[in-house]
file target06.tsv (TSV, C-alpha atoms)
chain	number	residue	atom	x	y	z
A	142	THR	CA	-40.47	33.31	-36.97
A	143	SER	CA	-44.20	32.86	-36.82
A	144	ASN	CA	-46.27	29.85	-37.71
A	145	ALA	CA	-49.42	29.89	-39.79
A	146	THR	CA	-51.98	27.21	-40.49
A	147	ARG	CA	-53.25	26.90	-44.05
A	148	PHE	CA	-56.56	25.34	-44.98
A	149	LEU	CA	-57.83	24.12	-48.34
A	150	VAL	CA	-61.42	23.54	-49.31
A	151	VAL	CA	-61.68	20.54	-51.58
A	152	ALA	CA	-64.61	20.30	-53.97
A	153	PRO	CA	-65.51	18.40	-57.12
A	154	ALA	CA	-64.67	20.16	-60.39
A	155	SER	CA	-68.35	20.98	-60.97
A	156	ALA	CA	-68.46	23.04	-57.76
A	157	ARG	CA	-65.27	25.02	-58.39
A	158	SER	CA	-65.14	28.61	-59.53
A	159	ASP	CA	-62.74	30.55	-61.73
A	160	ALA	CA	-63.42	33.67	-59.67
A	161	GLY	CA	-61.05	34.97	-57.03
A	162	GLY	CA	-57.88	36.97	-56.97
A	163	LYS	CA	-55.39	34.14	-56.37
A	164	THR	CA	-54.84	30.77	-58.00
A	165	THR	CA	-52.95	27.73	-56.75
A	166	LEU	CA	-51.48	25.07	-59.00
A	167	ILE	CA	-49.20	22.09	-58.63
A	168	VAL	CA	-46.88	21.12	-61.48
A	169	TYR	CA	-45.09	17.82	-61.93
A	170	PRO	CA	-42.97	18.26	-65.09
A	171	ASN	CA	-41.57	14.69	-64.98
A	172	ALA	CA	-38.36	16.16	-66.39
A	173	ASN	CA	-35.10	17.57	-65.10
A	174	TYR	CA	-32.88	19.73	-67.28
A	175	PRO	CA	-31.05	23.06	-66.97
A	176	GLY	CA	-33.54	25.90	-67.39
A	177	LEU	CA	-36.70	23.90	-66.55
A	178	LEU	CA	-37.61	26.06	-63.56
A	179	LEU	CA	-36.78	29.19	-65.56
A	180	GLU	CA	-39.20	28.09	-68.31
A	181	LEU	CA	-41.95	27.57	-65.75
A	182	LEU	CA	-41.32	30.97	-64.19
A	183	GLU	CA	-41.19	32.72	-67.58
A	184	ALA	CA	-44.73	31.52	-68.35
A	185	PHE	CA	-45.86	33.80	-65.52
A	186	ALA	CA	-43.32	36.61	-65.92
A	187	ASP	CA	-44.02	37.00	-69.66
A	188	ARG	CA	-47.64	37.78	-68.75
A	189	ASN	CA	-46.80	40.10	-65.85
A	190	LEU	CA	-48.22	37.64	-63.30
A	191	ASN	CA	-46.88	37.86	-59.76
A	192	LEU	CA	-46.05	34.68	-57.86
A	193	SER	CA	-46.79	35.12	-54.17
A	194	ARG	CA	-45.43	31.67	-53.29
A	195	ILE	CA	-43.37	28.97	-54.94
A	196	GLU	CA	-42.24	25.73	-53.33
A	197	SER	CA	-40.48	22.67	-54.61
A	198	ARG	CA	-41.13	19.28	-53.05
A	199	PRO	CA	-39.63	15.87	-53.76
A	200	SER	CA	-42.02	13.92	-55.99
A	201	GLY	CA	-41.39	10.62	-54.26
A	202	GLU	CA	-40.89	9.01	-57.66
A	203	ARG	CA	-37.09	9.05	-57.76
A	204	LEU	CA	-34.12	10.90	-56.30
A	205	GLY	CA	-33.77	14.45	-57.65
A	206	ASP	CA	-37.34	14.51	-59.02
A	207	TYR	CA	-39.50	17.43	-57.90
A	208	LEU	CA	-42.94	18.95	-58.18
A	209	PHE	CA	-43.68	22.64	-57.80
A	210	HIS	CA	-46.45	24.51	-55.96
A	211	PHE	CA	-47.30	27.97	-57.27
A	212	ASP	CA	-49.59	30.64	-55.81
A	213	VAL	CA	-50.33	33.28	-58.43
A	214	ASP	CA	-51.89	36.70	-57.83
A	215	ALA	CA	-54.52	36.28	-60.55
A	216	GLY	CA	-57.78	34.42	-61.05
A	217	LEU	CA	-58.50	31.80	-63.69
A	218	TYR	CA	-61.11	34.12	-65.19
A	219	GLU	CA	-58.24	36.34	-66.38
A	220	GLU	CA	-57.01	35.57	-69.89
A	221	HIS	CA	-53.31	36.07	-69.10
A	222	MET	CA	-53.61	33.51	-66.28
A	223	ARG	CA	-55.30	30.95	-68.57
A	224	LEU	CA	-52.56	31.49	-71.17
A	225	ALA	CA	-49.86	30.96	-68.53
A	226	VAL	CA	-51.52	27.69	-67.47
A	227	ASP	CA	-51.58	26.60	-71.14
A	228	ASP	CA	-47.82	27.25	-71.37
A	229	ILE	CA	-47.17	25.40	-68.09
A	230	GLU	CA	-49.16	22.41	-69.38
A	231	ALA	CA	-47.06	22.38	-72.57
A	232	ILE	CA	-43.81	22.51	-70.57
A	233	ALA	CA	-45.04	19.68	-68.32
A	234	GLU	CA	-46.43	17.56	-71.17
A	235	ASN	CA	-44.61	14.46	-69.87
A	236	GLY	CA	-45.99	15.01	-66.36
A	237	TRP	CA	-49.12	16.75	-65.12
A	238	VAL	CA	-50.57	20.06	-63.91
A	239	ARG	CA	-53.26	20.28	-61.22
A	240	VAL	CA	-55.01	23.62	-60.97
A	241	LEU	CA	-56.42	23.61	-57.45
A	242	GLY	CA	-58.53	26.65	-58.26
A	243	SER	CA	-58.93	30.33	-57.62
A	244	TYR	CA	-60.01	31.82	-54.33
A	245	ASP	CA	-61.02	35.09	-52.77
A	246	THR	CA	-58.08	36.96	-51.25
A	247	GLU	CA	-60.26	38.86	-48.78
A	248	HIS	CA	-60.53	35.74	-46.62
A	249	VAL	CA	-56.86	34.85	-46.74
A	250	LEU	CA	-54.59	35.82	-43.86
A	251	GLU	CA	-50.91	36.19	-44.71
call {"tool": "encode", "arguments": {"input": "target06.tsv", "output": "structure tokens"}}
result
Amino acid sequence: TSNATRFLVVAPASARSDAGGKTTLIVYPNANYPGLLLELLEAFADRNLNLSRIESRPSGERLGDYLFHFDVDAGLYEEHMRLAVDDIEAIAENGWVRVLGSYDTEHVLE
């Protein structure tokens, strides 16, 4: 296997852009029930949005509690992406959703 280093540029909300071909978001649903992950994935699939990466990480809150990282092949300027984020926020209404932003895929090495 090969290793890769990933970098993030952190900026205040006022300096962020909706442009770019990929979007990263972190979702903490603060819930655990059968079908939760399916509901989150359907928000993207129903809008024909491709997920290029999905990870689950322990939340650190309690045993069996997770948050999810999603990389989506769409920018926030695209309506279907904004609608998917709206659905994700509704599903995670007891938790939170952090949209880290959209970025240019030309400068991303995979």
call {"tool": "residues_around", "arguments": {"input": "target06.tsv", "residues": "Leu177 (chain A)", "least_positions_apart": "6", "cutoff": "12 Å", "atoms": "only C-alpha atoms", "output": "number ranges by chain"}}
result
A: 168-171, 183-184, 207-209, 229, 232-233
call {"tool": "closest_residue", "arguments": {"input": "target06.tsv", "among": "A:Ala231, A:Ala215, A:Ala225, A:Val238", "to": "Lys163 (chain A)", "atoms": "only C-alpha atoms"}}
result
A:Ala215
call {"tool": "residues_around", "arguments": {"input": "target06.tsv", "residues": "region 185-190 of chain A", "least_positions_apart": "5", "cutoff": "12 Å", "atoms": "all atoms listed in the file", "output": "PyMOL selection string"}}
result
chain A and resi 162-164+178-180+195+211-217+219-229
call {"tool": "axis_aligned_box", "arguments": {"input": "target06.tsv", "around": "region 218-222 of chain A", "padding_each_side": "6 Å", "output": "JSON"}}
result
{"center_x": -57.2, "center_y": 34.9, "center_z": -67.5, "size_x": 19.8, "size_y": 14.8, "size_z": 16.7}
call {"tool": "atom_distance", "arguments": {"input": "target06.tsv", "atom1": "CA of Gly161 (chain A)", "atom2": "CA of Pro199 (chain A)"}}
result
28.9 Å
call {"tool": "closest_residue", "arguments": {"input": "target06.tsv", "among": "A:Asp245, A:Leu182, A:Ala172, A:Arg239", "to": "Glu202 (chain A)", "atoms": "only C-alpha atoms"}}
result
A:Ala172
call {"tool": "closest_residue", "arguments": {"input": "target06.tsv", "among": "A:Ser243, A:Asp206, A:Ser197, A:Asn235", "to": "Ile167 (chain A)", "atoms": "all atoms listed in the file"}}
result
A:Ser197
call {"tool": "decode", "arguments": {"input": "target06.tsv", "residues": "region 150-242 of chain A", "atoms": "C-alpha atoms", "output": "compact mmCIF listing (two decimals), in the first residue's frame"}}
result
# COMPACT_ATOMS: atom_id res chain seq x y z
CA VAL A 150 -6.65 24.95 4.44
CA VAL A 151 -8.65 26.43 7.28
CA ALA A 152 -10.27 29.82 6.81
CA PRO A 153 -13.03 31.86 8.42
CA ALA A 154 -16.50 31.43 6.89
CA SER A 155 -16.24 34.85 5.21
CA ALA A 156 -13.20 33.71 3.21
CA ARG A 157 -14.65 30.40 2.03
CA SER A 158 -15.97 29.71 -1.44
CA ASP A 159 -18.76 27.52 -2.76
CA ALA A 160 -16.75 26.95 -5.94
CA GLY A 161 -14.81 23.78 -6.63
CA GLY A 162 -15.58 20.31 -7.81
CA LYS A 163 -15.43 18.48 -4.48
CA THR A 164 -16.98 19.13 -1.08
CA THR A 165 -16.05 17.75 2.33
CA LEU A 166 -18.45 17.52 5.25
CA ILE A 167 -18.46 15.96 8.69
CA VAL A 168 -21.73 14.68 10.16
CA TYR A 169 -22.41 13.86 13.78
CA PRO A 170 -26.00 12.51 13.83
CA ASN A 171 -26.04 11.99 17.64
CA ALA A 172 -28.22 8.96 16.96
CA ASN A 173 -27.79 5.24 16.37
CA TYR A 174 -30.53 3.17 14.78
CA PRO A 175 -30.82 0.60 11.98
CA GLY A 176 -30.79 2.39 8.64
CA LEU A 177 -29.15 5.63 9.83
CA LEU A 178 -26.14 5.29 7.54
CA LEU A 179 -28.43 4.25 4.68
CA GLU A 180 -30.49 7.43 5.16
CA LEU A 181 -27.34 9.55 5.03
CA LEU A 182 -26.13 7.79 1.88
CA GLU A 183 -29.54 8.07 0.20
CA ALA A 184 -29.41 11.87 0.52
CA PHE A 185 -26.51 11.74 -1.94
CA ALA A 186 -27.63 8.78 -4.08
CA ASP A 187 -31.12 10.24 -4.65
CA ARG A 188 -29.44 13.26 -6.26
CA ASN A 189 -26.93 11.24 -8.30
CA LEU A 190 -24.00 12.54 -6.22
CA ASN A 191 -20.88 10.40 -6.09
CA LEU A 192 -19.07 9.89 -2.79
CA SER A 193 -15.33 9.62 -3.37
CA ARG A 194 -14.62 8.93 0.31
CA ILE A 195 -16.58 8.01 3.41
CA GLU A 196 -15.11 7.30 6.83
CA SER A 197 -16.61 6.65 10.22
CA ARG A 198 -14.77 7.68 13.36
CA PRO A 199 -15.64 7.23 17.03
CA SER A 200 -17.16 10.46 18.34
CA GLY A 201 -15.46 10.22 21.71
CA GLU A 202 -18.80 10.93 23.37
CA ARG A 203 -19.78 7.36 24.23
CA LEU A 204 -19.14 3.78 23.15
CA GLY A 205 -20.71 2.95 19.77
CA ASP A 206 -21.22 6.63 18.85
CA TYR A 207 -19.77 7.72 15.51
CA LEU A 208 -19.33 10.68 13.22
CA PHE A 209 -18.97 10.44 9.46
CA HIS A 210 -16.63 12.18 7.01
CA PHE A 211 -17.88 12.49 3.43
CA ASP A 212 -16.06 13.68 0.30
CA VAL A 213 -18.56 14.39 -2.46
CA ASP A 214 -17.79 14.93 -6.14
CA ALA A 215 -19.80 18.16 -6.38
CA GLY A 216 -19.44 21.78 -5.34
CA LEU A 217 -21.71 23.69 -2.99
CA TYR A 218 -22.67 25.98 -5.87
CA GLU A 219 -24.60 23.03 -7.35
CA GLU A 220 -28.27 22.88 -6.33
CA HIS A 221 -28.38 19.09 -5.94
CA MET A 222 -25.45 19.29 -3.51
CA ARG A 223 -27.15 22.02 -1.44
CA LEU A 224 -30.34 19.93 -1.33
CA ALA A 225 -28.37 16.88 -0.16
CA VAL A 226 -26.79 18.95 2.63
CA ASP A 227 -30.29 20.13 3.65
CA ASP A 228 -31.41 16.49 3.91
CA ILE A 229 -28.29 15.53 5.89
CA GLU A 230 -28.93 18.41 8.31
CA ALA A 231 -32.52 17.18 8.82
CA ILE A 232 -31.33 13.61 9.48
CA ALA A 233 -28.72 14.90 11.95
CA GLU A 234 -31.06 17.37 13.65
CA ASN A 235 -30.07 16.07 17.11
CA GLY A 236 -26.37 16.41 16.27
CA TRP A 237 -24.52 18.67 13.85
CA VAL A 238 -23.18 18.98 10.30
CA ARG A 239 -19.95 20.83 9.47
CA VAL A 240 -19.47 21.65 5.80
CA LEU A 241 -15.72 22.15 5.51
CA GLY A 242 -16.17 23.63 2.05
